[in-house]
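Below is one structure, written out as structure tokens; comments come after it.
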Amino acid sequence: MRKKLIGSAATLIILGGMTLQAWGAPSTSSRLRATSATWDAGKQQLNLQIKGSSQDKKLTLSYGGKAYTMRARGKGKFAITLKAVCYDSKIEVKSNRGASLSTRVKVTNGNASKGKICKADNNPGGGNGGGSTATGGYQLLAWNDLGMHCMDGSDFSIFSILPPYNNLVAQLVKKGNGTATRVTSGVTITYEAEASLDGKWNTMSSTKSNFWDYAGTLFGVSLAPDVGLTGNAVQSMTPHLMTYNSTHDWWSADGIPTAPKNDDGSYNRYPMVKVVARDSVSGAILATTTTVLPVSDEMDCKKCHGSNAGYTEAQPAGGWINDPDVDKDYKLNILSLHDEKNGTSLLATAEGGTSVLCASCHKSNALGTAGMTGVKSLTAAIHSRHANVLDPANGAPLNDSANRNACYACHPGSTTQCLRGAMGKATDARGNLLMQCQSCHGVMSAVGDSSREGWYDEPGCQHCHHDGIRDLQAVNDLTSGSLKVVTDTRFATNPNTPLAGKSLYRFSTGHGDLQCEACHGATHAIYPSLRAEDNIQSIAAQGHTGTIAECTACHLSVPNTVNGGPHGMHTVGQGWISSHQDVAEKNPASCTACHGNNYEGSPLSRTFSTRTFSVENSSKTFAAGHPISCYDCHNGPGGEGTAPVSSPSAASGNTTSNVSQILSTTCRSCHSNKQSLVSCSNSKWTAHNGKRVSTAIYNAVSKSITGAICSSVASSTGSSQEDDDD
């Protein structure tokens, strides 16, 4: 029995009781549209007709991981029959002139007894992403492993440093009452394109780069359009399978050939993907999440090596090579300079039609190439060679720079802003950046040291987070780039991971054997990120940005534990208020790792969101970011009562140094901006001493704003009036 469908590209209605819905309207510039379809229930096939322009001679239709060719049967008219159409299918169409149509098709009431019918997808894609959603008590988390993947620009005909190659990783958790279990079988996990926050789509790459024309020369493989080096396809309207990796205990899709442009040609270095977990038997959706596949081609070298750059120090002895194609121009000049400096003949090779893979001679752990004996690794060659190059922006050697601008001369970048996570955006009270690329890696010559193993010799979390403190520099000194030696392992990356003698964050696991990146975010994009795309998942999982730290993200009920949480943490919530007394009295030293050696709070004890607790027959609210202290509610770890009287730092004459943090967190937990009222002669302020805040905090704020220690004034005047709440 045949059912006819009629309608627009956005909605197609099948007559006779069976419906077919399509959503994901085509680009307004494409002029491709699905005009009609006929569903043959007996043959389990879909007959689809598409209308384009008179310039469209051939269409390529992608469905279910396969590509079909459609040739025009008239002016811009095409027809095709698809066998065994799934209940829930995604179809992409591209024309010979670059026009495109992406549509999603859903058939209901189909005859499931014949043909290979997929189960219905009750949570279709489209829109601009909804973060992470779950049904039946599951939590799905997905991320990109490096926080940013780089690729050559649109041209691969001259040479290639990095191909389009993005890695997507996911873990699925089944929630329980006080428990959580990772799911490693019985499910299928897929990835597909999702609209970016501006509503634009990135569903293909082969029209944005000539990589596929040169993949055979560069890597010795023949690839279908939009299929990467590992066989995984670019994110599209068709779901693609992720595979379970038992070595790392995660689901992954490596080598996704994502490009940094939308389908309409506009730049998009943060394309979105939707990840879906389904029961492998019933097909029911268990959970979905939205994450980002960041990619940039900003490492284009035009800044110095382009023939029109005006940077004479990079000019080959034989003069500039001027090519009208700017993406070829700088590459030709680089090969000419390489030949001049190293006695090679790479320019002739490229001009003869054979593209050069830099990693074929220079070892690259990123691409897994061994390189040639006696030749520096790619990372060593590039960084050591450019360490003493003069920055065209300021004339100083790049190696002399202690900020990220030197790195952004080649890495993404001034536009992409690769270093965008919590560390990259951290600032002092005046807005100055506290951490740079060099804070973790050292200067350029240190990165280019021949003894360093590129991509493996990297800093771990413990090099800054240790012994209850948080450093701003992982290396002993910027020049050597040698990492600090620490013994505290509370926040350490896993040793011998993924190789003996190496310890990488992106492969390390923590609480519940979840990957560290699952909760903290990807390298260079640690939660909370400057980019909204990075934060979508954490907001959906727990209701706010930042580290996924709320127990209910993975547990149906909050577990009750003293030290069984992440990094040996206790339960967070009202239950801990009434049960922490024994721990504080019997083993107060265990609190110092997060609350500081003086129990006055530290960056590690900051609240992730605004919280209100019942304390001593009253309520107390802490603003997000407040460093929880034993003196917030009573007199130290062993104190009684609600009024903090003193603190270890006050007794020793020291004061809390980060006043801006106090003003934005401690003070804001009760007030809006009342900084102007801080005065030694204002009784509302002097009444805070030892009552509303500890003496240490009171003195620090007083000194910073008034220039005087107001505690002595308060003592002499005997002020005890409390201020009004606001």
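All residue names refer to the structure tokens as shown: chains lettered A, B, ... in order, residues numbered from 1 in each chain, ligands numbered from 1 in order.
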For this session: Quick one: everything within 7 Å of Lys328 of chain A, counting only C-alpha atoms, minus sequence neighbours fewer than 4 positions away in the same chain. Send it as an MDAnalysis selection string.
Result: chainID A and resid 155 158 323 332
Would you mind exporting the chosen residues as a compact mmCIF listing (two decimals), in the first residue's frame, restricted to all heavy atoms?
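Once written, selection35.txt looks like this:
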```
# COMPACT_ATOMS: atom_id res chain seq x y z
N ASP A 155 43.31 24.96 2.37
CA ASP A 155 44.15 24.37 1.32
C ASP A 155 45.17 23.38 1.88
O ASP A 155 45.89 23.68 2.83
CB ASP A 155 44.90 25.46 0.57
CG ASP A 155 45.71 24.90 -0.59
OD1 ASP A 155 45.11 24.63 -1.64
OD2 ASP A 155 46.93 24.70 -0.42
N ILE A 158 49.73 22.23 -0.73
CA ILE A 158 51.16 22.55 -0.60
C ILE A 158 51.79 21.71 0.51
O ILE A 158 52.72 20.96 0.28
CB ILE A 158 51.37 24.05 -0.32
CG1 ILE A 158 50.62 24.89 -1.35
CG2 ILE A 158 52.87 24.37 -0.33
CD1 ILE A 158 51.02 24.64 -2.78
N ASP A 323 51.56 34.36 -4.72
CA ASP A 323 50.50 33.53 -5.27
C ASP A 323 49.17 34.22 -4.98
O ASP A 323 48.94 34.66 -3.84
CB ASP A 323 50.51 32.13 -4.65
CG ASP A 323 49.62 31.15 -5.39
OD1 ASP A 323 48.38 31.26 -5.25
OD2 ASP A 323 50.15 30.29 -6.12
N LEU A 332 53.86 28.31 0.28
CA LEU A 332 54.94 28.25 -0.71
C LEU A 332 56.18 28.96 -0.19
O LEU A 332 57.31 28.48 -0.36
CB LEU A 332 54.47 28.87 -2.03
CG LEU A 332 53.41 28.09 -2.81
CD1 LEU A 332 52.85 28.94 -3.94
CD2 LEU A 332 54.00 26.79 -3.36
```
Exercise. Skipping near chain neighbours, those fewer than 6 positions away, what residues fall within 10 Å of Thr479 of chain A using only C-alpha atoms, listed as a count of residues only?
Worked result: 11
Which residues are near Ser154 of chain A? Cut-off 9 Å, only C-alpha atoms, ignore same chain within fewer than 6 positions. Put them as a compact mmCIF listing (two decimals) with C-alpha atoms, in the first residue's frame.
```
# COMPACT_ATOMS: atom_id res chain seq x y z
CA LYS A 208 35.00 23.89 2.94
CA SER A 209 38.42 22.34 2.33
CA ASN A 210 40.29 20.43 -0.38
CA PHE A 211 41.62 17.99 2.21
CA ALA A 259 35.83 22.31 9.88
CA ASP A 297 42.43 27.11 11.35
CA ASP A 327 46.08 30.08 1.53
```
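Atom CA of Cys551 of chain A lies 13.3 Å from atom CA of Tyr138 of chain A.
Interatomic distance, atom CA of Val562 of chain A to atom CA of His580 of chain A: 8.1 Å.
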Return as a Markdown table the residues of segment 350-422 of chain A lying at most 10 Å from segment 300-318 of chain A, together with the closest atom-to-atom pair for each and the distance in Å to one decimal, counting only C-alpha atoms, with rows in chain order and ascending residue number.
```
| residue | atom | partner | partner_atom | distance |
| --- | --- | --- | --- | --- |
| A:Val389 | CA | A:Glu313 | CA | 8.6 |
| A:Leu390 | CA | A:Glu313 | CA | 8.5 |
| A:Asp391 | CA | A:Cys304 | CA | 9.1 |
| A:Pro392 | CA | A:Tyr311 | CA | 7.1 |
| A:Ala393 | CA | A:Lys303 | CA | 9.9 |
| A:Ala409 | CA | A:Lys303 | CA | 7.6 |
| A:Cys410 | CA | A:Cys301 | CA | 6.3 |
| A:His411 | CA | A:Asp300 | CA | 8.8 |
| A:Pro412 | CA | A:Asp300 | CA | 9.4 |
```
For this session: Extract, using only C-alpha atoms, all DNA, RNA and protein residues at most 8 Å from Ile161 of chain A, discarding same-chain residues fewer than 6 positions from it, and format them as a list in words.
Result: Met151, Asp152, Leu357, Cys358 and Ala359 of chain A
Go ahead and dump the residues you just picked, N, CA and C atoms, as a compact mmCIF listing (two decimals), in the first residue's frame.
```
# COMPACT_ATOMS: atom_id res chain seq x y z
N MET A 151 43.62 22.78 12.65
CA MET A 151 43.79 22.18 11.33
C MET A 151 44.34 23.24 10.39
N ASP A 152 44.98 22.78 9.32
CA ASP A 152 45.42 23.72 8.29
C ASP A 152 44.20 24.45 7.76
N LEU A 357 53.64 16.32 3.86
CA LEU A 357 53.19 16.14 5.24
C LEU A 357 54.37 16.39 6.16
N CYS A 358 54.31 17.45 6.94
CA CYS A 358 55.44 17.82 7.81
C CYS A 358 55.81 16.68 8.75
N ALA A 359 54.80 15.95 9.24
CA ALA A 359 55.04 14.88 10.20
C ALA A 359 55.65 13.63 9.58
```
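Neighbours of Gly413 of chain A closer than or equal to 10 Å, with only C-alpha atoms counted and sequence neighbours fewer than 4 positions away skipped, come out as Ser296, Asp297, Glu298, Met299, Arg404, Asn405, Ala406, Cys407, Tyr408, Ala409, Gln417, Cys418 and Leu419 of chain A.
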Seminar exercise, completed: As a check of understanding: the span from atom CA of Asp339 of chain A to atom CA of Asp449 of chain A is 22.9 Å
For this session: Name all residues at most 7 Å from Gly371 of chain A (count only C-alpha atoms; drop same-chain ones fewer than 4 positions away) and give them as JSON, numbers by chain.
Result: {"A": [359, 360, 361, 362, 363]}
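Using only C-alpha atoms, the protein and nucleic acid residues lying no more than 10 Å from Glu192 of chain A, apart from those fewer than 3 places from it along its own chain, are Lys90, Gly125, Thr203, Ala233, Val234, Gln235, Ser236, Met237, Thr238, Pro239, His240, Leu241, Met272, Val273, Lys274, Val275, Val276 and Thr290 of chain A.
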Generate the output file for the selected residues, C-alpha atoms, as a short mmCIF file (atom, residue, chain, number, x, y, z; two decimals), in the first residue's frame.
```
data_model
loop_
_atom_site.label_atom_id
_atom_site.label_comp_id
_atom_site.auth_asym_id
_atom_site.auth_seq_id
_atom_site.Cartn_x
_atom_site.Cartn_y
_atom_site.Cartn_z
CA LYS A 90 18.07 12.29 8.82
CA GLY A 125 17.20 17.49 17.01
CA THR A 203 26.91 19.62 8.89
CA ALA A 233 32.06 10.97 9.55
CA VAL A 234 31.62 14.67 10.15
CA GLN A 235 28.69 15.57 12.40
CA SER A 236 25.58 15.80 10.23
CA MET A 237 21.82 15.40 10.34
CA THR A 238 22.36 11.63 10.37
CA PRO A 239 23.33 10.07 13.72
CA HIS A 240 26.75 8.38 13.68
CA LEU A 241 27.80 5.68 16.11
CA MET A 272 27.76 22.04 18.34
CA VAL A 273 26.91 18.35 18.40
CA LYS A 274 24.08 16.44 20.01
CA VAL A 275 24.96 13.13 21.67
CA VAL A 276 22.20 10.59 22.27
CA THR A 290 24.80 18.95 23.75
#
```
